[in-house]
Each structure stands twice: as C-alpha cells, then as structure tokens.
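Trainee: Here you go, start.txt (compact mmCIF, C-alpha atoms):
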```txt
# COMPACT_ATOMS: atom_id res chain seq x y z
CA MET A 1 54.93 -82.69 -35.51
CA LYS A 2 53.55 -86.22 -35.22
CA GLU A 3 57.11 -87.60 -35.28
CA LEU A 4 58.03 -85.34 -32.35
CA ILE A 5 54.98 -86.49 -30.37
CA LEU A 6 55.82 -90.15 -31.01
CA THR A 7 59.46 -89.52 -30.03
CA VAL A 8 58.42 -87.93 -26.73
CA HIS A 9 56.04 -90.88 -26.14
CA ILE A 10 58.83 -93.40 -26.72
CA LEU A 11 61.24 -91.45 -24.49
CA ALA A 12 58.67 -91.32 -21.67
CA ALA A 13 58.05 -95.08 -22.01
CA THR A 14 61.81 -95.67 -21.98
CA LEU A 15 62.11 -93.61 -18.80
CA TRP A 16 59.28 -95.51 -17.13
CA ILE A 17 60.19 -99.08 -18.08
CA GLY A 18 63.94 -98.49 -18.16
CA GLY A 19 63.81 -96.87 -14.75
CA MET A 20 61.95 -99.82 -13.25
CA LEU A 21 64.35 -102.31 -14.86
CA PHE A 22 67.32 -100.32 -13.56
CA MET A 23 65.85 -100.30 -10.06
CA VAL A 24 65.23 -104.07 -10.07
CA PHE A 25 68.44 -105.31 -11.68
CA VAL A 26 71.06 -102.67 -10.82
CA LEU A 27 70.14 -100.32 -8.01
CA SER A 28 68.28 -102.59 -5.58
CA PRO A 29 70.97 -105.29 -5.34
CA TYR A 30 73.59 -102.61 -4.68
CA VAL A 31 71.58 -100.50 -2.23
CA ARG A 32 70.67 -103.56 -0.13
CA SER A 33 74.37 -103.90 0.74
CA LEU A 34 74.62 -100.35 2.10
CA PRO A 35 74.41 -99.61 5.83
CA ASN A 36 71.76 -96.93 5.14
CA ALA A 37 69.76 -99.03 2.65
CA THR A 38 66.35 -97.98 3.98
CA GLU A 39 67.16 -94.28 3.70
CA ALA A 40 68.66 -94.75 0.23
CA PHE A 41 65.58 -96.62 -1.02
CA GLN A 42 63.30 -93.89 0.35
CA LYS A 43 65.28 -91.10 -1.35
CA VAL A 44 65.61 -92.89 -4.69
CA GLY A 45 61.95 -93.92 -4.56
CA LYS A 46 60.80 -90.33 -4.01
CA ARG A 47 62.94 -89.10 -6.90
CA PHE A 48 61.79 -91.81 -9.31
CA SER A 49 58.20 -91.26 -8.20
CA LEU A 50 58.48 -87.59 -9.16
CA VAL A 51 60.18 -88.20 -12.50
CA GLY A 52 58.53 -91.48 -13.50
CA THR A 53 55.04 -91.36 -12.03
CA PHE A 54 54.18 -87.68 -11.79
CA ILE A 55 55.93 -86.49 -14.95
CA GLY A 56 56.44 -89.59 -17.11
CA LEU A 57 52.99 -91.16 -16.85
CA PRO A 58 51.04 -87.96 -17.64
CA VAL A 59 53.36 -87.36 -20.60
CA LEU A 60 52.66 -90.92 -21.78
CA PHE A 61 48.92 -90.38 -21.47
CA ILE A 62 48.89 -87.05 -23.32
CA THR A 63 51.23 -88.16 -26.09
CA GLY A 64 49.30 -91.43 -26.36
CA LEU A 65 46.07 -89.54 -26.99
CA LEU A 66 47.82 -87.31 -29.53
CA ASN A 67 49.30 -90.37 -31.26
CA MET A 68 45.84 -91.93 -31.39
CA GLN A 69 44.51 -88.78 -33.05
CA ASN A 70 47.46 -88.66 -35.49
CA ILE A 71 46.82 -92.26 -36.54
CA GLY A 72 43.11 -91.59 -37.01
CA VAL A 73 41.65 -93.83 -34.30
CA SER A 74 38.58 -92.22 -32.74
CA PHE A 75 37.22 -92.81 -29.26
CA PHE A 76 34.27 -94.55 -30.94
CA ASP A 77 36.72 -96.97 -32.63
CA LEU A 78 38.52 -97.50 -29.34
CA ILE A 79 35.40 -98.17 -27.26
CA ASN A 80 33.73 -100.36 -29.88
CA ARG A 81 36.92 -102.15 -30.93
CA THR A 82 36.10 -101.51 -34.59
CA SER A 83 39.37 -103.06 -35.79
CA THR A 84 42.19 -105.26 -34.56
CA TYR A 85 44.26 -102.11 -34.13
CA ALA A 86 41.56 -100.37 -32.06
CA SER A 87 41.06 -103.50 -29.97
CA THR A 88 44.77 -103.76 -29.15
CA LEU A 89 44.90 -100.04 -28.39
CA HIS A 90 41.86 -100.48 -26.13
CA ASP A 91 43.70 -103.20 -24.20
CA LYS A 92 46.85 -101.07 -24.02
CA LEU A 93 44.90 -98.13 -22.60
CA HIS A 94 43.29 -100.32 -19.94
CA LEU A 95 46.69 -101.68 -18.93
CA PHE A 96 47.98 -98.11 -18.77
CA ILE A 97 45.17 -97.25 -16.35
CA LEU A 98 46.15 -100.29 -14.28
CA THR A 99 49.81 -99.25 -14.26
CA LEU A 100 48.80 -95.74 -13.21
CA ILE A 101 46.77 -97.11 -10.29
CA LEU A 102 49.58 -99.47 -9.27
CA ALA A 103 52.13 -96.65 -9.47
CA LEU A 104 50.02 -94.35 -7.31
CA VAL A 105 49.40 -97.07 -4.69
CA HIS A 106 53.11 -97.94 -4.73
CA ASP A 107 54.41 -94.37 -4.62
CA LEU A 108 51.89 -92.65 -2.36
CA TYR A 109 50.87 -95.40 0.06
CA LEU A 110 53.15 -98.43 0.17
CA GLY A 111 56.56 -96.94 -0.63
CA PRO A 112 56.51 -94.28 2.10
CA ARG A 113 55.55 -97.02 4.61
CA SER A 114 57.95 -99.71 3.39
CA HIS A 115 60.43 -98.95 6.16
CA LEU A 116 57.82 -99.51 8.89
CA ASN A 117 57.55 -103.29 8.76
CA GLU A 118 58.08 -106.39 6.65
CA LYS A 119 54.48 -106.43 5.37
CA PHE A 120 54.81 -103.00 3.77
CA ARG A 121 58.28 -103.80 2.45
CA VAL A 122 57.08 -106.99 0.73
CA LEU A 123 53.88 -105.38 -0.60
CA THR A 124 55.91 -102.48 -2.01
CA ARG A 125 58.17 -104.92 -3.84
CA VAL A 126 55.30 -107.05 -5.14
CA VAL A 127 53.31 -104.07 -6.44
CA GLY A 128 56.46 -102.68 -8.07
CA LEU A 129 57.18 -106.02 -9.74
CA VAL A 130 53.58 -106.42 -10.95
CA ASN A 131 53.76 -102.89 -12.35
CA LEU A 132 56.96 -103.76 -14.21
CA ILE A 133 55.32 -106.87 -15.71
CA VAL A 134 52.27 -104.83 -16.76
CA GLY A 135 54.61 -102.23 -18.27
CA ILE A 136 56.47 -104.86 -20.28
CA PHE A 137 53.17 -106.20 -21.58
CA ILE A 138 52.21 -102.64 -22.60
CA VAL A 139 55.47 -102.47 -24.59
CA TYR A 140 54.52 -105.78 -26.24
CA LEU A 141 51.14 -104.32 -27.23
CA ALA A 142 52.92 -101.23 -28.60
CA ALA A 143 55.08 -103.51 -30.77
CA LYS A 144 51.93 -105.34 -31.86
CA LEU A 145 50.35 -102.01 -32.84
CA ARG A 146 53.41 -101.15 -34.89
CA PHE A 147 52.67 -104.21 -37.04
CA GLY A 148 48.98 -103.45 -37.47
CA GLY A 149 47.40 -104.45 -34.21
```
Please go through the file and, once you have read it, give me the structure as structure tokens.

Mentor:
Amino acid sequence: MKELILTVHILAATLWIGGMLFMVFVLSPYVRSLPNATEAFQKVGKRFSLVGTFIGLPVLFITGLLNMQNIGVSFFDLINRTSTYASTLHDKLHLFILTLILALVHDLYLGPRSHLNEKFRVLTRVVGLVNLIVGIFIVYLAAKLRFGG
C-alpha cells in the first residue's frame, strides 16, 4: 500500500509541476498569438486551477502525510527537526504551505482579474512564476529526502 501512496504522490507532483512548466514553455507562447488570447488564458487557467490546485494540491498534502507516517517520521520529529531527514521534510512542508497560498492567491484573486488591466496581468504572471520556482525547489528537497535528507 505504501508504494501506491508514493506513486499517487509522485503523479500529483508531476501534474502540478509539469502543468506549470507546460503552461510557461508551451501553452503561453502559443496562446499569446491567438486573437482570443485573453479568453483562452481564462478558460485554461480555470481548468488547471480545478485540476492542479483544488485536486492536485490536496492529494499531495494527504499522500505526503501518509508517506511521512509510512517512513516513520512523527510530528514531534518534524517540529523539532530531530534529524537531517526531519529537518528537510520540515522545510519541504513549509514550502508546500507557501505554494498553496500562492496558488490560491493566483487562482482565486489575481487570475480572474488578469484581463482587467496590466497590473493584474503582470502580478498573475509573477506569482505564477514564483510558485513554479518554489515547486521546483520542493522537488529538489524531495530528491534530497530520497538520499537521506
């Protein structure tokens, strides 16, 4: 069962990070050339928000907690950073909370307003890019955990 939980966790992370990378490097450059670019961005953003933020991130959180339990790291270990592994996991969890906050601000506040003016459009892009960078750093910490913390 623990292998299944880890697999679901990795798939959810792949959806989240892969989706953001796809948006930045593939979709956005193409959509900007369309006559209805604003409408296309709004529709794609709503869809990715549903799949990535409102399904993917909760799945990551739940499977992350289950993985922590399967590995034998307690909340006491996590809070008190009782080992290198627990310390790295502590940092990863804090960055996850940051990415969750950034995603909610991006998806619920900035994104729906990005078509209103340049300020919202730029802020939406910046928050999305910062969230991608945070996500990549979370993947780095996951790799670090794989090798002991």

Trainee: Report, in Å with one decimal, the straight-line distance from CA of Gly19 in chain A to CA of Ile97 in chain A.

Mentor: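 Between these atoms lies a distance of 18.7 Å.
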
Trainee: To one decimal place, how far is CA of Val51 in chain A from CA of Arg146 in chain A in Å?

Mentor: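 Interatomic distance here is 26.7 Å.
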
Trainee: Could you tell me which of A:His9, A:Lys2, A:Lys119, A:Arg113 comes closest to Thr38 in chain A if we count all atoms listed in the file?

Mentor: A:Arg113

Trainee: Just how far from CA of Ile71 in chain A is CA of Met1 in chain A, in Å to one decimal?

Mentor: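 One can read the CA of Met1 in chain A to CA of Ile71 in chain A distance as 12.6 Å.
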
Trainee: Counting only C-alpha atoms, which residue out of A:Glu39, A:Asp91, A:Asp107, A:Glu118 sits closest to Lys144 in chain A?

Mentor: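 Selected residue with least distance to Lys144 in chain A: A:Asp91.
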